[in-house]
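To start, the structure under review is shown below, and the notes come after it.
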Amino acid sequence: MAEPLVVIEDVGVKIGNRWLLRHVSLRVHPGEILSVIGPNGAGKTTLVKAVLGLVPVAEGRIRRPPSEHIGYVPQRLSLDPVLPLSVFRLATLPRTVPRARVVAALTETGVAGLIDAPVAGLSGGEFQRVLLARALLRDPALLVLDEPVQGVDYAGEAALYDLIARVRAERGCAVLMISHDLHVVMAATDTVACLNGTVCCSGPPHAVADLPAFQALFGPRAGSLALYAHHHHPLSGQDPS
Ligand SMILES: Nc1ncnc2c1ncn2[C@@H]1O[C@H](COP(=O)(O)OP(=O)(O)OP(=O)(O)O)[C@@H](O)[C@H]1O
């Protein structure tokens, strides 16, 4: 197997006297989609921020690609609703990027027609697609997505996960994503890691779903969610379903 792109080794993150994460070890390989799931407050966003170097690590170590090769879609982006910001500006901030490159990235995420639209008028799904395009402008080796389907309706969620799978297939980038959405995660990921302060289990979705640790965290019925899984051909970009 290729060298991992991200190596998280026995990592602990502490705020004051409280450990938010402890003994977390994970690897993300080139072209792999790794989804981190876990209950509220499990430390998922903290882990992603540690991977990005945005919060300090008190224990262990993290190896990651240089930041210019990482595309990040944060969980929250506070935008002033009265600021007349266009999709083009949001996609390029804080840099200046030639319009043709922005059009290409927005085309890839299916929202090129909105390039001059005000951000304030976007639907949840459109907004997430613009943020994804913004992350793609870096030509990332690693995409980090913190809950990419928030504010998106059920049909839109499936379309967004399909888009993420297609981006990965076409670009060969790795994806580290956080999700709450168990059944779609099970369908759209190569590896799932269940986090609750530490990694309680990880592996391919069908294997993890059978583990007692997974069922203890999400309830015994959660295992059957893996049955919803359908398969993408990661290298061809074809979705046979
Ligand atoms: N800067 C901070 N100061 C104090 N506590 C923090 C800080 N950041 C996070 N926490 C706490 O750490 C814990 C983990 O937070 P984190 O946001 O990483 O969880 P999460 O799994 O992403 O949660 P959610 O699913 O609700 O987004 C929470 O209890 C949170 O309150």
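Each chain in the structure tokens gets a letter, A, B, ..., in the order shown, and its residues are numbered from 1; ligands are numbered from 1 in order too.
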
| message | Show me which residues line ligand 1, defined as having an atom within 6 Å of a ligand atom where only C-alpha atoms and all ligand atoms count, and present them as a list in words. | response | Ile15, Leu20, Pro39, Asn40, Gly41, Ala42, Gly43, Lys44, Thr45 and Thr46 of chain A

Would you output that residue set with N, CA and C atoms, as a tab-separated table (two decimals), in the first residue's frame?
```
chain	number	residue	atom	x	y	z
A	15	ILE	N	-7.53	20.88	26.66
A	15	ILE	CA	-7.83	22.29	26.90
A	15	ILE	C	-7.97	22.46	28.41
A	20	LEU	N	-9.64	16.49	25.43
A	20	LEU	CA	-10.72	16.38	24.44
A	20	LEU	C	-10.51	15.14	23.58
A	39	PRO	N	-20.71	10.72	18.42
A	39	PRO	CA	-21.76	11.58	18.99
A	39	PRO	C	-21.31	13.03	19.13
A	40	ASN	N	-22.24	13.91	19.40
A	40	ASN	CA	-21.91	15.32	19.65
A	40	ASN	C	-20.89	15.40	20.77
A	41	GLY	N	-19.92	16.28	20.58
A	41	GLY	CA	-18.93	16.48	21.63
A	41	GLY	C	-17.86	15.40	21.67
A	42	ALA	N	-17.84	14.51	20.67
A	42	ALA	CA	-16.89	13.40	20.67
A	42	ALA	C	-15.47	13.84	20.35
A	43	GLY	N	-15.34	15.06	19.84
A	43	GLY	CA	-14.00	15.55	19.51
A	43	GLY	C	-13.68	15.50	18.02
A	44	LYS	N	-14.71	15.34	17.19
A	44	LYS	CA	-14.48	15.19	15.74
A	44	LYS	C	-13.86	16.46	15.14
A	45	THR	N	-14.50	17.60	15.44
A	45	THR	CA	-13.97	18.86	14.91
A	45	THR	C	-12.59	19.15	15.49
A	46	THR	N	-12.41	18.83	16.75
A	46	THR	CA	-11.10	19.02	17.39
A	46	THR	C	-10.03	18.20	16.66
```

| task | Could you find all residues in range 16-231 of chain A that DSSP calls strand (DSSP E or B) from the backbone, and write them as a count of residues only? | result | 47

| said: Need the shell around range 86-98 of chain A: protein/DNA/RNA residues with any atom at most 10 Å away, counting only C-alpha atoms. Skip same-chain ones fewer than 2 positions apart. Format as a PyMOL selection string? | reply: chain A and resi 79+83-84+100-103+105-106+111-112+114-122+126-127+130-137

Dump of N, CA and C atoms for the selected residues, as an mmCIF file, in the first residue's frame:
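again05.cif, written as the output of this step:
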```cif
data_model
loop_
_atom_site.group_PDB
_atom_site.id
_atom_site.type_symbol
_atom_site.label_atom_id
_atom_site.label_comp_id
_atom_site.auth_asym_id
_atom_site.auth_seq_id
_atom_site.Cartn_x
_atom_site.Cartn_y
_atom_site.Cartn_z
ATOM 1 N N LEU A 79 -20.619 34.349 8.134
ATOM 2 C CA LEU A 79 -20.625 35.416 7.139
ATOM 3 C C LEU A 79 -21.644 36.453 7.576
ATOM 4 N N LEU A 83 -23.375 41.621 4.241
ATOM 5 C CA LEU A 83 -22.231 41.839 3.356
ATOM 6 C C LEU A 83 -22.590 41.360 1.944
ATOM 7 N N PRO A 84 -22.469 42.244 0.951
ATOM 8 C CA PRO A 84 -22.874 41.821 -0.396
ATOM 9 C C PRO A 84 -21.770 40.994 -1.078
ATOM 10 N N ALA A 100 -11.454 32.104 -14.815
ATOM 11 C CA ALA A 100 -11.606 30.829 -15.531
ATOM 12 C C ALA A 100 -11.372 29.636 -14.596
ATOM 13 N N ARG A 101 -10.440 29.790 -13.655
ATOM 14 C CA ARG A 101 -10.196 28.688 -12.706
ATOM 15 C C ARG A 101 -11.378 28.521 -11.765
ATOM 16 N N VAL A 102 -11.986 29.645 -11.378
ATOM 17 C CA VAL A 102 -13.142 29.576 -10.479
ATOM 18 C C VAL A 102 -14.316 28.926 -11.222
ATOM 19 N N VAL A 103 -14.494 29.316 -12.476
ATOM 20 C CA VAL A 103 -15.570 28.700 -13.274
ATOM 21 C C VAL A 103 -15.344 27.193 -13.353
ATOM 22 N N ALA A 105 -13.757 25.209 -11.261
ATOM 23 C CA ALA A 105 -14.021 24.550 -9.968
ATOM 24 C C ALA A 105 -15.520 24.500 -9.680
ATOM 25 N N LEU A 106 -16.220 25.602 -9.991
ATOM 26 C CA LEU A 106 -17.671 25.621 -9.752
ATOM 27 C C LEU A 106 -18.386 24.662 -10.706
ATOM 28 N N VAL A 111 -22.185 24.130 -9.808
ATOM 29 C CA VAL A 111 -22.854 25.405 -9.513
ATOM 30 C C VAL A 111 -22.235 26.592 -10.275
ATOM 31 N N ALA A 112 -21.679 26.319 -11.446
ATOM 32 C CA ALA A 112 -21.027 27.391 -12.201
ATOM 33 C C ALA A 112 -21.999 28.517 -12.548
ATOM 34 N N LEU A 114 -23.981 29.936 -10.803
ATOM 35 C CA LEU A 114 -24.209 30.849 -9.672
ATOM 36 C C LEU A 114 -23.030 31.773 -9.416
ATOM 37 N N ILE A 115 -22.057 31.803 -10.302
ATOM 38 C CA ILE A 115 -20.796 32.508 -9.999
ATOM 39 C C ILE A 115 -20.984 33.968 -9.588
ATOM 40 N N ASP A 116 -21.981 34.648 -10.164
ATOM 41 C CA ASP A 116 -22.173 36.056 -9.801
ATOM 42 C C ASP A 116 -23.336 36.261 -8.830
ATOM 43 N N ALA A 117 -23.905 35.168 -8.346
ATOM 44 C CA ALA A 117 -25.051 35.274 -7.434
ATOM 45 C C ALA A 117 -24.576 35.722 -6.056
ATOM 46 N N PRO A 118 -25.438 36.417 -5.306
ATOM 47 C CA PRO A 118 -25.069 36.756 -3.928
ATOM 48 C C PRO A 118 -25.101 35.500 -3.048
ATOM 49 N N VAL A 119 -24.089 35.373 -2.194
ATOM 50 C CA VAL A 119 -23.997 34.199 -1.319
ATOM 51 C C VAL A 119 -25.224 34.100 -0.416
ATOM 52 N N ALA A 120 -25.754 35.265 0.006
ATOM 53 C CA ALA A 120 -26.875 35.274 0.947
ATOM 54 C C ALA A 120 -28.104 34.541 0.395
ATOM 55 N N GLY A 121 -28.222 34.446 -0.917
ATOM 56 C CA GLY A 121 -29.409 33.806 -1.491
ATOM 57 C C GLY A 121 -29.239 32.327 -1.792
ATOM 58 N N LEU A 122 -28.101 31.747 -1.449
ATOM 59 C CA LEU A 122 -27.867 30.341 -1.816
ATOM 60 C C LEU A 122 -28.640 29.387 -0.907
ATOM 61 N N GLU A 126 -26.344 24.466 -2.296
ATOM 62 C CA GLU A 126 -25.530 25.322 -3.177
ATOM 63 C C GLU A 126 -24.336 25.890 -2.416
ATOM 64 N N PHE A 127 -24.591 26.303 -1.185
ATOM 65 C CA PHE A 127 -23.531 26.889 -0.355
ATOM 66 C C PHE A 127 -22.404 25.872 -0.130
ATOM 67 N N VAL A 130 -20.348 25.492 -3.213
ATOM 68 C CA VAL A 130 -19.428 26.616 -3.423
ATOM 69 C C VAL A 130 -18.196 26.446 -2.513
ATOM 70 N N LEU A 131 -18.442 26.048 -1.253
ATOM 71 C CA LEU A 131 -17.313 25.846 -0.336
ATOM 72 C C LEU A 131 -16.401 24.718 -0.808
ATOM 73 N N LEU A 132 -17.024 23.689 -1.383
ATOM 74 C CA LEU A 132 -16.221 22.577 -1.907
ATOM 75 C C LEU A 132 -15.373 23.056 -3.095
ATOM 76 N N ALA A 133 -15.979 23.846 -3.969
ATOM 77 C CA ALA A 133 -15.236 24.396 -5.111
ATOM 78 C C ALA A 133 -14.067 25.249 -4.615
ATOM 79 N N ARG A 134 -14.330 26.023 -3.568
ATOM 80 C CA ARG A 134 -13.287 26.875 -2.976
ATOM 81 C C ARG A 134 -12.114 26.021 -2.505
ATOM 82 N N ALA A 135 -12.437 24.890 -1.863
ATOM 83 C CA ALA A 135 -11.382 23.992 -1.387
ATOM 84 C C ALA A 135 -10.632 23.368 -2.574
ATOM 85 N N LEU A 136 -11.348 23.097 -3.665
ATOM 86 C CA LEU A 136 -10.717 22.445 -4.823
ATOM 87 C C LEU A 136 -9.761 23.369 -5.566
ATOM 88 N N LEU A 137 -9.953 24.680 -5.387
ATOM 89 C CA LEU A 137 -9.067 25.635 -6.061
ATOM 90 C C LEU A 137 -7.605 25.465 -5.641
#
```

Kindly assemble as a tab-separated table a list of the range 17-42 of chain A residues that lie within 12 Å of range 157-166 of chain A, each paired with its nearest atom pair and their distance in Å to one decimal, using only C-alpha atoms, sorted first by chain and then by ascending residue number.
```
residue	atom	partner	partner_atom	distance
A:Gly31	CA	A:Ala165	CA	10.1
A:Glu32	CA	A:Ala165	CA	10.0
A:Ile33	CA	A:Ala165	CA	8.2
A:Leu34	CA	A:Ala165	CA	11.5
A:Ser35	CA	A:Tyr161	CA	11.5
```

| query | Can you list, as number ranges by chain, every residue of range 15-240 of chain A that DSSP puts in helix (DSSP H, G or I)? | reply | A: 44-52, 67-69, 87-92, 99-108, 112-114, 119-121, 124-136, 154-171, 182-188, 205-209, 212-218, 220-228

| Please, what distance in Å, to one decimal, runs between CA of Leu195 in chain A and CA of Val36 in chain A? | 6.7 Å

| message | Using Å and a single decimal, report how far CA of Pro66 in chain A sits from CA of Ser179 in chain A. | response |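 Rounded to one decimal, the two atoms are 24.2 Å apart.
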
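Distances to Pro56 in chain A were evaluated for A:Ala104, A:Arg171, A:Val11, A:Asp146 using only C-alpha atoms, and the minimum falls at A:Val11.
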
| request: Might you pull out every residue within 8 Å of Gly60 in chain A, with only C-alpha atoms counted and same-chain residues fewer than 4 positions away left off, and present them as a ChimeraX atom specification? | output: /A:8-12,23

Output file for the residues above (C-alpha atoms, as a PDB file, in the first residue's frame):
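To be explicit, this is the file written out as part-v7.pdb:
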```pdb
ATOM      1  CA  ILE A   8      -2.071  10.529  13.383  1.00  0.00           C
ATOM      2  CA  GLU A   9      -0.092   8.795  16.093  1.00  0.00           C
ATOM      3  CA  ASP A  10      -1.280   8.475  19.672  1.00  0.00           C
ATOM      4  CA  VAL A  11      -2.552  12.037  19.644  1.00  0.00           C
ATOM      5  CA  GLY A  12      -3.951  13.842  22.661  1.00  0.00           C
ATOM      6  CA  HIS A  23      -4.611   8.094  22.250  1.00  0.00           C
TER       7      HIS A  23
END
```

| field | Pick from A:Ala2, A:Leu211, A:Val73, A:Leu217 nearest to Leu176 in chain A, counting only C-alpha atoms | value | A:Val73

Could the residues of range 1-92 of chain A that have an atom at most 8 Å from range 139-142 of chain A be listed as a tab-separated table, each with its closest atom pair and the distance in Å to one decimal, counting only C-alpha atoms and ordered by chain and ascending residue number?
```
residue	atom	partner	partner_atom	distance
A:Leu5	CA	A:Leu142	CA	7.9
A:Pro30	CA	A:Ala141	CA	7.5
A:Pro65	CA	A:Ala141	CA	7.6
A:Glu68	CA	A:Pro140	CA	7.5
A:His69	CA	A:Pro140	CA	4.5
A:Ile70	CA	A:Pro140	CA	4.9
A:Gly71	CA	A:Pro140	CA	5.3
```

May I have the residues within 7 Å of Val152 in chain A as a PDB file with C-alpha atoms, in the first residue's frame, using only C-alpha atoms and disregarding those fewer than 4 positions away in the same chain?
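The result, written out as around01.pdb:
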```
ATOM      1  CA  GLY A 124     -27.780  24.973   1.883  1.00  0.00           C
ATOM      2  CA  GLY A 125     -26.710  22.560  -0.855  1.00  0.00           C
ATOM      3  CA  GLY A 156     -29.315  16.834  -1.734  1.00  0.00           C
ATOM      4  CA  GLU A 157     -27.232  14.851   0.768  1.00  0.00           C
TER       5      GLU A 157
END
```
